[in-house]
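Text of query_34.pdb (PDB, C-alpha atoms) as supplied:
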ATOM      1  CA  MET A 921     -89.444   6.661 -26.376  1.00  0.00           C
ATOM      2  CA  SER A 922     -86.270   4.707 -27.181  1.00  0.00           C
ATOM      3  CA  THR A 923     -85.371   3.900 -30.756  1.00  0.00           C
ATOM      4  CA  ARG A 924     -84.165   0.393 -31.468  1.00  0.00           C
ATOM      5  CA  LYS A 925     -81.451   0.141 -34.095  1.00  0.00           C
ATOM      6  CA  ASN A 926     -82.067  -1.968 -37.149  1.00  0.00           C
ATOM      7  CA  PRO A 927     -79.910  -5.100 -36.665  1.00  0.00           C
ATOM      8  CA  THR A 928     -79.066  -5.142 -40.375  1.00  0.00           C
ATOM      9  CA  GLN A 929     -77.178  -1.840 -39.903  1.00  0.00           C
ATOM     10  CA  ARG A 930     -74.944  -2.879 -37.028  1.00  0.00           C
ATOM     11  CA  LYS A 931     -72.292  -4.690 -39.018  1.00  0.00           C
ATOM     12  CA  SER A 932     -69.743  -3.321 -41.435  1.00  0.00           C
ATOM     13  CA  PRO A 933     -70.167  -4.234 -45.111  1.00  0.00           C
ATOM     14  CA  VAL A 934     -67.189  -6.596 -44.897  1.00  0.00           C
ATOM     15  CA  ALA A 935     -68.570  -8.347 -41.810  1.00  0.00           C
ATOM     16  CA  ARG A 936     -72.067  -8.540 -43.268  1.00  0.00           C
ATOM     17  CA  GLN A 937     -70.852 -10.051 -46.541  1.00  0.00           C
ATOM     18  CA  ALA A 938     -68.751 -12.583 -44.640  1.00  0.00           C
ATOM     19  CA  GLU A 939     -71.797 -13.528 -42.570  1.00  0.00           C
ATOM     20  CA  ILE A 940     -73.885 -14.012 -45.698  1.00  0.00           C
ATOM     21  CA  VAL A 941     -71.267 -16.239 -47.328  1.00  0.00           C
ATOM     22  CA  GLU A 942     -70.756 -18.318 -44.182  1.00  0.00           C
ATOM     23  CA  THR A 943     -74.504 -18.806 -43.828  1.00  0.00           C
ATOM     24  CA  ALA A 944     -74.894 -19.720 -47.491  1.00  0.00           C
ATOM     25  CA  SER A 945     -72.043 -22.185 -47.052  1.00  0.00           C
ATOM     26  CA  ARG A 946     -73.788 -23.962 -44.170  1.00  0.00           C
ATOM     27  CA  ILE A 947     -76.955 -24.186 -46.215  1.00  0.00           C
ATOM     28  CA  ALA A 948     -74.995 -25.614 -49.157  1.00  0.00           C
ATOM     29  CA  VAL A 949     -73.362 -28.330 -47.039  1.00  0.00           C
ATOM     30  CA  ASN A 950     -76.473 -29.263 -45.055  1.00  0.00           C
ATOM     31  CA  GLU A 951     -79.204 -28.837 -47.652  1.00  0.00           C
ATOM     32  CA  GLY A 952     -77.549 -28.713 -51.069  1.00  0.00           C
ATOM     33  CA  LEU A 953     -76.568 -25.948 -53.458  1.00  0.00           C
ATOM     34  CA  GLU A 954     -80.080 -25.675 -54.877  1.00  0.00           C
ATOM     35  CA  LYS A 955     -81.209 -24.363 -51.484  1.00  0.00           C
ATOM     36  CA  VAL A 956     -78.777 -21.453 -51.641  1.00  0.00           C
ATOM     37  CA  THR A 957     -81.085 -18.586 -52.576  1.00  0.00           C
ATOM     38  CA  ALA A 958     -81.299 -14.991 -51.426  1.00  0.00           C
ATOM     39  CA  LYS A 959     -84.662 -15.740 -49.827  1.00  0.00           C
ATOM     40  CA  HIS A 960     -83.463 -18.754 -47.847  1.00  0.00           C
ATOM     41  CA  VAL A 961     -80.223 -17.118 -46.701  1.00  0.00           C
ATOM     42  CA  ALA A 962     -82.243 -14.085 -45.620  1.00  0.00           C
ATOM     43  CA  GLU A 963     -84.645 -16.297 -43.655  1.00  0.00           C
ATOM     44  CA  VAL A 964     -81.784 -17.974 -41.797  1.00  0.00           C
ATOM     45  CA  LEU A 965     -80.159 -14.627 -41.001  1.00  0.00           C
ATOM     46  CA  GLY A 966     -83.431 -12.941 -40.120  1.00  0.00           C
ATOM     47  CA  VAL A 967     -83.016 -10.165 -42.696  1.00  0.00           C
ATOM     48  CA  VAL A 968     -84.831  -9.119 -45.855  1.00  0.00           C
ATOM     49  CA  PRO A 969     -83.836 -10.733 -49.180  1.00  0.00           C
ATOM     50  CA  GLY A 970     -82.972  -7.312 -50.540  1.00  0.00           C
ATOM     51  CA  LEU A 971     -79.976  -7.187 -48.219  1.00  0.00           C
ATOM     52  CA  ILE A 972     -78.597 -10.393 -49.716  1.00  0.00           C
ATOM     53  CA  ASN A 973     -79.194  -9.067 -53.219  1.00  0.00           C
ATOM     54  CA  HIS A 974     -77.301  -5.899 -52.272  1.00  0.00           C
ATOM     55  CA  TYR A 975     -74.117  -7.936 -51.828  1.00  0.00           C
ATOM     56  CA  PHE A 976     -74.825 -10.580 -54.482  1.00  0.00           C
ATOM     57  CA  ASN A 977     -76.689  -9.325 -57.538  1.00  0.00           C
ATOM     58  CA  PHE A 978     -76.879 -12.808 -59.032  1.00  0.00           C
ATOM     59  CA  VAL A 979     -77.662 -16.043 -57.230  1.00  0.00           C
ATOM     60  CA  ASP A 980     -74.904 -17.723 -59.246  1.00  0.00           C
ATOM     61  CA  ASP A 981     -72.345 -15.536 -57.474  1.00  0.00           C
ATOM     62  CA  LEU A 982     -73.843 -16.387 -54.087  1.00  0.00           C
ATOM     63  CA  VAL A 983     -73.778 -20.115 -54.860  1.00  0.00           C
ATOM     64  CA  ALA A 984     -70.172 -19.887 -56.052  1.00  0.00           C
ATOM     65  CA  ALA A 985     -69.125 -18.014 -52.922  1.00  0.00           C
ATOM     66  CA  ALA A 986     -70.875 -20.556 -50.701  1.00  0.00           C
ATOM     67  CA  PHE A 987     -69.172 -23.468 -52.458  1.00  0.00           C
ATOM     68  CA  GLY A 988     -65.767 -21.807 -52.332  1.00  0.00           C
ATOM     69  CA  TYR A 989     -66.106 -21.044 -48.633  1.00  0.00           C
ATOM     70  CA  ALA A 990     -67.152 -24.591 -47.736  1.00  0.00           C
ATOM     71  CA  THR A 991     -64.453 -26.349 -49.734  1.00  0.00           C
ATOM     72  CA  THR A 992     -61.713 -23.985 -48.587  1.00  0.00           C
ATOM     73  CA  ALA A 993     -62.736 -24.423 -44.955  1.00  0.00           C
ATOM     74  CA  GLU A 994     -62.707 -28.208 -45.288  1.00  0.00           C
ATOM     75  CA  ARG A 995     -59.324 -28.218 -47.007  1.00  0.00           C
ATOM     76  CA  THR A 996     -57.833 -26.000 -44.300  1.00  0.00           C
ATOM     77  CA  GLU A 997     -59.178 -28.240 -41.543  1.00  0.00           C
ATOM     78  CA  ILE A 998     -58.104 -31.506 -43.168  1.00  0.00           C
ATOM     79  CA  TYR A 999     -54.570 -30.348 -43.932  1.00  0.00           C
ATOM     80  CA  ALA A1000     -54.143 -28.833 -40.476  1.00  0.00           C
ATOM     81  CA  GLY A1001     -54.938 -32.245 -39.032  1.00  0.00           C
ATOM     82  CA  ALA A1002     -52.619 -33.971 -41.477  1.00  0.00           C
ATOM     83  CA  PHE A1003     -49.691 -31.663 -40.797  1.00  0.00           C
ATOM     84  CA  ALA A1004     -50.000 -32.376 -37.081  1.00  0.00           C
ATOM     85  CA  ALA A1005     -48.400 -35.765 -37.839  1.00  0.00           C
ATOM     86  CA  PRO A1006     -44.600 -35.818 -37.521  1.00  0.00           C
ATOM     87  CA  THR A1007     -43.563 -37.159 -40.949  1.00  0.00           C
ATOM     88  CA  PRO A1008     -44.805 -36.699 -44.536  1.00  0.00           C
ATOM     89  CA  SER A1009     -45.765 -40.392 -44.718  1.00  0.00           C
ATOM     90  CA  GLN A1010     -47.899 -40.111 -41.592  1.00  0.00           C
ATOM     91  CA  GLN A1011     -49.317 -36.817 -42.855  1.00  0.00           C
ATOM     92  CA  LEU A1012     -50.342 -38.540 -46.081  1.00  0.00           C
ATOM     93  CA  LEU A1013     -52.009 -41.326 -44.125  1.00  0.00           C
ATOM     94  CA  ARG A1014     -53.998 -38.857 -42.041  1.00  0.00           C
ATOM     95  CA  LEU A1015     -54.955 -36.912 -45.141  1.00  0.00           C
ATOM     96  CA  PHE A1016     -56.363 -39.929 -46.957  1.00  0.00           C
ATOM     97  CA  THR A1017     -58.087 -41.192 -43.830  1.00  0.00           C
ATOM     98  CA  GLU A1018     -60.113 -37.977 -44.002  1.00  0.00           C
ATOM     99  CA  LEU A1019     -60.504 -37.712 -47.777  1.00  0.00           C
ATOM    100  CA  LEU A1020     -61.749 -41.298 -48.057  1.00  0.00           C
ATOM    101  CA  ASP A1021     -64.121 -41.042 -45.106  1.00  0.00           C
ATOM    102  CA  THR A1022     -67.509 -42.293 -46.283  1.00  0.00           C
ATOM    103  CA  GLU A1023     -69.260 -39.742 -44.057  1.00  0.00           C
ATOM    104  CA  ARG A1024     -67.472 -36.754 -45.575  1.00  0.00           C
ATOM    105  CA  ASP A1025     -70.341 -34.299 -46.148  1.00  0.00           C
ATOM    106  CA  VAL A1026     -68.467 -32.091 -48.605  1.00  0.00           C
ATOM    107  CA  SER A1027     -68.275 -34.996 -51.075  1.00  0.00           C
ATOM    108  CA  LEU A1028     -71.973 -34.541 -51.767  1.00  0.00           C
ATOM    109  CA  LEU A1029     -71.428 -30.810 -52.155  1.00  0.00           C
ATOM    110  CA  TRP A1030     -68.832 -31.506 -54.836  1.00  0.00           C
ATOM    111  CA  LEU A1031     -71.349 -33.683 -56.668  1.00  0.00           C
ATOM    112  CA  ASP A1032     -73.851 -30.827 -56.534  1.00  0.00           C
ATOM    113  CA  ALA A1033     -71.265 -28.363 -57.793  1.00  0.00           C
ATOM    114  CA  TRP A1034     -70.076 -30.458 -60.728  1.00  0.00           C
ATOM    115  CA  GLN A1035     -73.671 -30.939 -61.831  1.00  0.00           C
ATOM    116  CA  ALA A1036     -74.818 -27.348 -61.315  1.00  0.00           C
ATOM    117  CA  SER A1037     -71.676 -25.782 -62.832  1.00  0.00           C
ATOM    118  CA  ARG A1038     -72.885 -26.778 -66.298  1.00  0.00           C
ATOM    119  CA  ARG A1039     -75.390 -23.922 -66.135  1.00  0.00           C
ATOM    120  CA  ARG A1040     -73.731 -21.593 -63.612  1.00  0.00           C
ATOM    121  CA  PRO A1041     -70.610 -19.866 -65.043  1.00  0.00           C
ATOM    122  CA  ALA A1042     -69.525 -18.325 -61.725  1.00  0.00           C
ATOM    123  CA  LEU A1043     -69.811 -21.677 -59.998  1.00  0.00           C
ATOM    124  CA  LEU A1044     -67.830 -23.356 -62.782  1.00  0.00           C
ATOM    125  CA  ARG A1045     -65.015 -20.868 -62.280  1.00  0.00           C
ATOM    126  CA  GLU A1046     -65.034 -21.536 -58.541  1.00  0.00           C
ATOM    127  CA  VAL A1047     -65.064 -25.314 -59.049  1.00  0.00           C
ATOM    128  CA  VAL A1048     -61.947 -25.021 -61.213  1.00  0.00           C
ATOM    129  CA  ILE A1049     -60.261 -22.796 -58.615  1.00  0.00           C
ATOM    130  CA  GLN A1050     -60.993 -25.262 -55.816  1.00  0.00           C
ATOM    131  CA  MET A1051     -59.908 -28.311 -57.835  1.00  0.00           C
ATOM    132  CA  ARG A1052     -56.612 -26.594 -58.605  1.00  0.00           C
ATOM    133  CA  ALA A1053     -56.225 -25.663 -54.934  1.00  0.00           C
ATOM    134  CA  ASP A1054     -56.656 -29.326 -53.975  1.00  0.00           C
ATOM    135  CA  VAL A1055     -53.925 -30.349 -56.398  1.00  0.00           C
ATOM    136  CA  THR A1056     -51.622 -27.570 -55.205  1.00  0.00           C
ATOM    137  CA  ALA A1057     -52.047 -28.541 -51.557  1.00  0.00           C
ATOM    138  CA  LEU A1058     -51.418 -32.237 -52.197  1.00  0.00           C
ATOM    139  CA  ALA A1059     -48.449 -31.486 -54.467  1.00  0.00           C
ATOM    140  CA  ALA A1060     -46.879 -29.436 -51.671  1.00  0.00           C
ATOM    141  CA  LEU A1061     -47.276 -32.337 -49.247  1.00  0.00           C
ATOM    142  CA  ILE A1062     -45.771 -34.725 -51.804  1.00  0.00           C
ATOM    143  CA  GLN A1063     -42.858 -32.355 -52.372  1.00  0.00           C
ATOM    144  CA  SER A1064     -42.167 -32.229 -48.638  1.00  0.00           C
ATOM    145  CA  GLY A1065     -41.994 -36.026 -48.662  1.00  0.00           C
ATOM    146  CA  ILE A1066     -39.606 -35.987 -51.617  1.00  0.00           C
ATOM    147  CA  ASP A1067     -37.400 -33.468 -49.829  1.00  0.00           C
ATOM    148  CA  VAL A1068     -36.866 -35.814 -46.868  1.00  0.00           C
ATOM    149  CA  GLY A1069     -36.668 -38.972 -48.960  1.00  0.00           C
ATOM    150  CA  ASP A1070     -40.066 -40.463 -48.000  1.00  0.00           C
ATOM    151  CA  PHE A1071     -41.581 -40.294 -51.504  1.00  0.00           C
ATOM    152  CA  THR A1072     -40.399 -40.582 -55.077  1.00  0.00           C
ATOM    153  CA  ALA A1073     -42.192 -38.592 -57.767  1.00  0.00           C
ATOM    154  CA  ILE A1074     -40.821 -36.989 -60.905  1.00  0.00           C
ATOM    155  CA  ASP A1075     -43.610 -34.410 -61.028  1.00  0.00           C
ATOM    156  CA  PRO A1076     -45.448 -33.809 -57.708  1.00  0.00           C
ATOM    157  CA  SER A1077     -48.155 -31.776 -59.428  1.00  0.00           C
ATOM    158  CA  ALA A1078     -48.873 -34.519 -61.970  1.00  0.00           C
ATOM    159  CA  SER A1079     -48.944 -37.117 -59.195  1.00  0.00           C
ATOM    160  CA  ALA A1080     -51.311 -34.945 -57.174  1.00  0.00           C
ATOM    161  CA  THR A1081     -53.588 -34.508 -60.203  1.00  0.00           C
ATOM    162  CA  ARG A1082     -53.815 -38.249 -60.775  1.00  0.00           C
ATOM    163  CA  ILE A1083     -54.456 -38.963 -57.084  1.00  0.00           C
ATOM    164  CA  MET A1084     -57.125 -36.279 -56.740  1.00  0.00           C
ATOM    165  CA  SER A1085     -58.842 -37.610 -59.867  1.00  0.00           C
ATOM    166  CA  LEU A1086     -59.196 -40.986 -58.144  1.00  0.00           C
ATOM    167  CA  ILE A1087     -60.599 -39.357 -55.011  1.00  0.00           C
ATOM    168  CA  ASP A1088     -62.980 -37.209 -57.054  1.00  0.00           C
ATOM    169  CA  GLY A1089     -64.271 -40.364 -58.698  1.00  0.00           C
ATOM    170  CA  LEU A1090     -65.187 -41.703 -55.273  1.00  0.00           C
ATOM    171  CA  SER A1091     -67.342 -38.669 -54.524  1.00  0.00           C
ATOM    172  CA  VAL A1092     -70.260 -40.497 -56.125  1.00  0.00           C
ATOM    173  CA  ARG A1093     -70.447 -42.680 -53.016  1.00  0.00           C
ATOM    174  CA  ALA A1094     -71.769 -39.655 -51.125  1.00  0.00           C
ATOM    175  CA  ALA A1095     -75.093 -40.201 -52.883  1.00  0.00           C
ATOM    176  CA  THR A1096     -75.157 -43.978 -52.431  1.00  0.00           C
ATOM    177  CA  ARG A1097     -73.099 -44.678 -49.301  1.00  0.00           C
ATOM    178  CA  SER A1098     -76.139 -46.001 -47.409  1.00  0.00           C
ATOM    179  CA  PHE A1099     -76.636 -48.723 -50.011  1.00  0.00           C
ATOM    180  CA  ILE A1100     -73.218 -49.690 -51.383  1.00  0.00           C
ATOM    181  CA  ASP A1101     -69.986 -50.576 -49.562  1.00  0.00           C
ATOM    182  CA  TYR A1102     -67.114 -48.724 -51.254  1.00  0.00           C
ATOM    183  CA  GLU A1103     -64.350 -49.925 -48.929  1.00  0.00           C
ATOM    184  CA  VAL A1104     -62.734 -52.052 -51.636  1.00  0.00           C
ATOM    185  CA  VAL A1105     -62.641 -49.055 -53.969  1.00  0.00           C
ATOM    186  CA  ALA A1106     -61.058 -46.854 -51.306  1.00  0.00           C
ATOM    187  CA  GLU A1107     -58.412 -49.555 -50.909  1.00  0.00           C
ATOM    188  CA  LEU A1108     -57.734 -49.292 -54.643  1.00  0.00           C
ATOM    189  CA  VAL A1109     -57.063 -45.568 -54.248  1.00  0.00           C
ATOM    190  CA  LEU A1110     -54.531 -46.196 -51.480  1.00  0.00           C
ATOM    191  CA  ARG A1111     -52.700 -48.869 -53.462  1.00  0.00           C
ATOM    192  CA  ASN A1112     -52.451 -46.507 -56.446  1.00  0.00           C
ATOM    193  CA  VAL A1113     -51.124 -43.720 -54.232  1.00  0.00           C
ATOM    194  CA  GLU A1114     -48.439 -46.070 -52.919  1.00  0.00           C
ATOM    195  CA  ARG A1115     -47.390 -46.956 -56.455  1.00  0.00           C
ATOM    196  CA  GLU A1116     -47.511 -43.311 -57.534  1.00  0.00           C
ATOM    197  CA  LEU A1117     -45.106 -42.270 -54.753  1.00  0.00           C
ATOM    198  CA  ASP A1118     -43.003 -45.434 -54.723  1.00  0.00           C
ATOM    199  CA  LEU A1119     -44.118 -46.376 -51.211  1.00  0.00           C
ATOM    200  CA  PRO A1120     -44.013 -49.931 -49.838  1.00  0.00           C
ATOM    201  CA  GLU A1121     -47.192 -51.916 -50.421  1.00  0.00           C
ATOM    202  CA  HIS A1122     -49.777 -51.319 -47.677  1.00  0.00           C
ATOM    203  CA  ALA A1123     -47.754 -48.404 -46.319  1.00  0.00           C
ATOM    204  CA  LEU A1124     -51.001 -46.429 -46.157  1.00  0.00           C
ATOM    205  CA  SER A1125     -53.090 -49.184 -44.603  1.00  0.00           C
ATOM    206  CA  GLY A1126     -54.639 -48.765 -41.186  1.00  0.00           C
ATOM    207  CA  THR A1127     -55.938 -45.773 -39.348  1.00  0.00           C
ATOM    208  CA  SER A1128     -53.808 -42.711 -38.632  1.00  0.00           C
ATOM    209  CA  THR A1129     -53.175 -41.668 -35.043  1.00  0.00           C
TER     210      THR A1129
END

Kindly transcribe the structure held in the file into structure tokens.
Amino acid sequence: MSTRKNPTQRKSPVARQAEIVETASRIAVNEGLEKVTAKHVAEVLGVVPGLINHYFNFVDDLVAAAFGYATTAERTEIYAGAFAAPTPSQQLLRLFTELLDTERDVSLLWLDAWQASRRRPALLREVVIQMRADVTALAALIQSGIDVGDFTAIDPSASATRIMSLIDGLSVRAATRSFIDYEVVAELVLRNVERELDLPEHALSGTST
């Protein structure tokens, strides 16, 4: 009689942990952070909850890892698309076209994370890490524009912080976008970015190509 191997034993610990985090991340984006539990992740993977608990002793750590994975993946994708444009100005336009998209699913995840981080220390630490990563990425793009003479900014990091604060404020629309038109507010963000970087008025208007 043949013996069938237990599927939970086929992957290395590194691969298994990565699979758990990726699965938890999909749950977080599609269903909300409150749905990220060892039981639910185990159900999706078809394993026992004890396996999830083996890698994540506390659900707070699992939630933090899921949030960090989702936000990092989105940032990587958005900036890859932006950097495909030929100039820093066009890269900035592509970036904000994505960041101000009313259908951006990760905006709702950020809302969840800010709320839940009040009682989840590990998640709070991850939220801070990801917010700083957003500022760092935008500051680097701004610096590249300064280097070629497209932008003017005394402190790229300070400019990036102010710009990201405006975008973060718009994340609330993720919960109400079916009821309220935020287009005029998004326009306000773009006009402030233009002033922040000494760009011509309406330089960021239109849709990137």

Can you work out the spacing between CA of Gln937 (chain A) and CA of Val968 (chain A) in Å, to one decimal?
-> 14.0 Å

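Restricting the calculation to all atoms listed in the file, the smallest distance between Leu1117 (chain A) and any of A:Ser932, A:Ser1009, A:Thr1056, A:Gln1035 is found for A:Ser1009.
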
Result set of the PyMOL selection byres ((chain A and resi 1017) around 10) on the coordinates above, as a PyMOL selection string | chain A and resi 998+1002+1011-1016+1018-1022+1106+1110+1124-1128

Applied to this file, what does the PyMOL selection byres ((chain A and resi 987) around 12) return in terms of residues, put as a compact mmCIF listing (two decimals) with C-alpha atoms, in the frame of the given file?
# COMPACT_ATOMS: atom_id res chain seq x y z
CA VAL A 941 -71.27 -16.24 -47.33
CA GLU A 942 -70.76 -18.32 -44.18
CA THR A 943 -74.50 -18.81 -43.83
CA ALA A 944 -74.89 -19.72 -47.49
CA SER A 945 -72.04 -22.18 -47.05
CA ARG A 946 -73.79 -23.96 -44.17
CA ILE A 947 -76.96 -24.19 -46.22
CA ALA A 948 -75.00 -25.61 -49.16
CA VAL A 949 -73.36 -28.33 -47.04
CA ASN A 950 -76.47 -29.26 -45.06
CA GLY A 952 -77.55 -28.71 -51.07
CA LEU A 953 -76.57 -25.95 -53.46
CA GLU A 954 -80.08 -25.68 -54.88
CA VAL A 956 -78.78 -21.45 -51.64
CA ASP A 980 -74.90 -17.72 -59.25
CA ASP A 981 -72.34 -15.54 -57.47
CA LEU A 982 -73.84 -16.39 -54.09
CA VAL A 983 -73.78 -20.11 -54.86
CA ALA A 984 -70.17 -19.89 -56.05
CA ALA A 985 -69.12 -18.01 -52.92
CA ALA A 986 -70.88 -20.56 -50.70
CA GLY A 988 -65.77 -21.81 -52.33
CA TYR A 989 -66.11 -21.04 -48.63
CA ALA A 990 -67.15 -24.59 -47.74
CA THR A 991 -64.45 -26.35 -49.73
CA THR A 992 -61.71 -23.98 -48.59
CA ALA A 993 -62.74 -24.42 -44.96
CA GLU A 994 -62.71 -28.21 -45.29
CA VAL A 1026 -68.47 -32.09 -48.60
CA SER A 1027 -68.28 -35.00 -51.08
CA LEU A 1028 -71.97 -34.54 -51.77
CA LEU A 1029 -71.43 -30.81 -52.16
CA TRP A 1030 -68.83 -31.51 -54.84
CA LEU A 1031 -71.35 -33.68 -56.67
CA ASP A 1032 -73.85 -30.83 -56.53
CA ALA A 1033 -71.26 -28.36 -57.79
CA TRP A 1034 -70.08 -30.46 -60.73
CA ALA A 1036 -74.82 -27.35 -61.32
CA SER A 1037 -71.68 -25.78 -62.83
CA ALA A 1042 -69.53 -18.32 -61.72
CA LEU A 1043 -69.81 -21.68 -60.00
CA LEU A 1044 -67.83 -23.36 -62.78
CA ARG A 1045 -65.02 -20.87 -62.28
CA GLU A 1046 -65.03 -21.54 -58.54
CA VAL A 1047 -65.06 -25.31 -59.05
CA VAL A 1048 -61.95 -25.02 -61.21
CA ILE A 1049 -60.26 -22.80 -58.62
CA GLN A 1050 -60.99 -25.26 -55.82
CA MET A 1051 -59.91 -28.31 -57.84

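For the pair CA of Ala1004 (chain A) and CA of Arg1111 (chain A), the interatomic distance is 23.4 Å.
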
Have a look at CA of Thr1081 (chain A) and CA of Val1055 (chain A) and let me know their distance in Å, one decimal.
->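 Atom-to-atom, CA of Thr1081 (chain A) and CA of Val1055 (chain A) are spaced 5.6 Å apart.
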
Report, as AutoDock Vina command-line options, the axis-aligned box around all atoms of region 1037-1054 of chain A present in the file, extended by 6 Å on each side; give centre and edge lengths in Å to one decimal place.
--center_x -65.8 --center_y -23.8 --center_z -60.1 --size_x 31.2 --size_y 23.0 --size_z 24.3

Selection as a list in words: residues within 12 Å of (-81.3, -3.5, -48.5), counting only C-alpha atoms = Asn926, Thr928, Gln929, Pro933, Arg936, Ala958, Ala962, Val967, Val968, Pro969, Gly970, Leu971, Ile972, Asn973, His974, Tyr975, Phe976 and Asn977 of chain A

Show which residues sit within 10 Å of Asn1112 (chain A), as a list of chain:residue names. Count only C-alpha atoms, and ignore same-chain residues fewer than 4 positions away.
->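 The residues satisfying every condition are A:Arg1082, A:Ile1083, A:Leu1086, A:Glu1107, A:Leu1108, A:Glu1116, A:Leu1117, A:Asp1118, A:Leu1119, A:Glu1121.
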
For Ser1091 (chain A), the nearest of the candidates A:Glu1103, A:Thr957, A:Asp1025, A:Val1068, counting only C-alpha atoms |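 Among the listed residues, the smallest separation from Ser1091 (chain A) belongs to A:Asp1025.
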
List the spatial neighbours of Asp1054 (chain A) as a PDB file with C-alpha atoms, keeping the file's coordinate frame - criterion: any atom at most 8 Å away, only C-alpha atoms, same-chain residues fewer than 4 positions off excluded.
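Wrote it out as selection.pdb, contents follow:
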ATOM      1  CA  ARG A 995     -59.324 -28.218 -47.007  1.00  0.00           C
ATOM      2  CA  GLN A1050     -60.993 -25.262 -55.816  1.00  0.00           C
ATOM      3  CA  LEU A1058     -51.418 -32.237 -52.197  1.00  0.00           C
ATOM      4  CA  MET A1084     -57.125 -36.279 -56.740  1.00  0.00           C
TER       5      MET A1084
END

Picked residues, the PyMOL selection byres ((chain A and resi 1070) around 12), expected as a PDB file with C-alpha atoms, keeping the file's coordinate frame:
ATOM      1  CA  THR A1007     -43.563 -37.159 -40.949  1.00  0.00           C
ATOM      2  CA  PRO A1008     -44.805 -36.699 -44.536  1.00  0.00           C
ATOM      3  CA  SER A1009     -45.765 -40.392 -44.718  1.00  0.00           C
ATOM      4  CA  GLN A1010     -47.899 -40.111 -41.592  1.00  0.00           C
ATOM      5  CA  GLN A1011     -49.317 -36.817 -42.855  1.00  0.00           C
ATOM      6  CA  LEU A1012     -50.342 -38.540 -46.081  1.00  0.00           C
ATOM      7  CA  LEU A1061     -47.276 -32.337 -49.247  1.00  0.00           C
ATOM      8  CA  ILE A1062     -45.771 -34.725 -51.804  1.00  0.00           C
ATOM      9  CA  GLN A1063     -42.858 -32.355 -52.372  1.00  0.00           C
ATOM     10  CA  SER A1064     -42.167 -32.229 -48.638  1.00  0.00           C
ATOM     11  CA  GLY A1065     -41.994 -36.026 -48.662  1.00  0.00           C
ATOM     12  CA  ILE A1066     -39.606 -35.987 -51.617  1.00  0.00           C
ATOM     13  CA  ASP A1067     -37.400 -33.468 -49.829  1.00  0.00           C
ATOM     14  CA  VAL A1068     -36.866 -35.814 -46.868  1.00  0.00           C
ATOM     15  CA  GLY A1069     -36.668 -38.972 -48.960  1.00  0.00           C
ATOM     16  CA  PHE A1071     -41.581 -40.294 -51.504  1.00  0.00           C
ATOM     17  CA  THR A1072     -40.399 -40.582 -55.077  1.00  0.00           C
ATOM     18  CA  ALA A1073     -42.192 -38.592 -57.767  1.00  0.00           C
ATOM     19  CA  GLU A1114     -48.439 -46.070 -52.919  1.00  0.00           C
ATOM     20  CA  LEU A1117     -45.106 -42.270 -54.753  1.00  0.00           C
ATOM     21  CA  ASP A1118     -43.003 -45.434 -54.723  1.00  0.00           C
ATOM     22  CA  LEU A1119     -44.118 -46.376 -51.211  1.00  0.00           C
ATOM     23  CA  PRO A1120     -44.013 -49.931 -49.838  1.00  0.00           C
ATOM     24  CA  ALA A1123     -47.754 -48.404 -46.319  1.00  0.00           C
TER      25      ALA A1123
END

Min atom-atom distance to Val1113 (chain A) from the set A:Ala1053, A:Ala1080, A:Val979, A:Ile940, counting all atoms listed in the file, belongs to A:Ala1080

For Arg1040 (chain A), which residue among A:Lys955, A:Glu963, A:Tyr999, A:Phe978 is the nearest when counting all atoms listed in the file?
-> A:Phe978

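Closest approach to Ala1000 (chain A) among A:Ala1057, A:Arg930, A:Arg1038, A:Arg1052: A:Ala1057, based on only C-alpha atoms.
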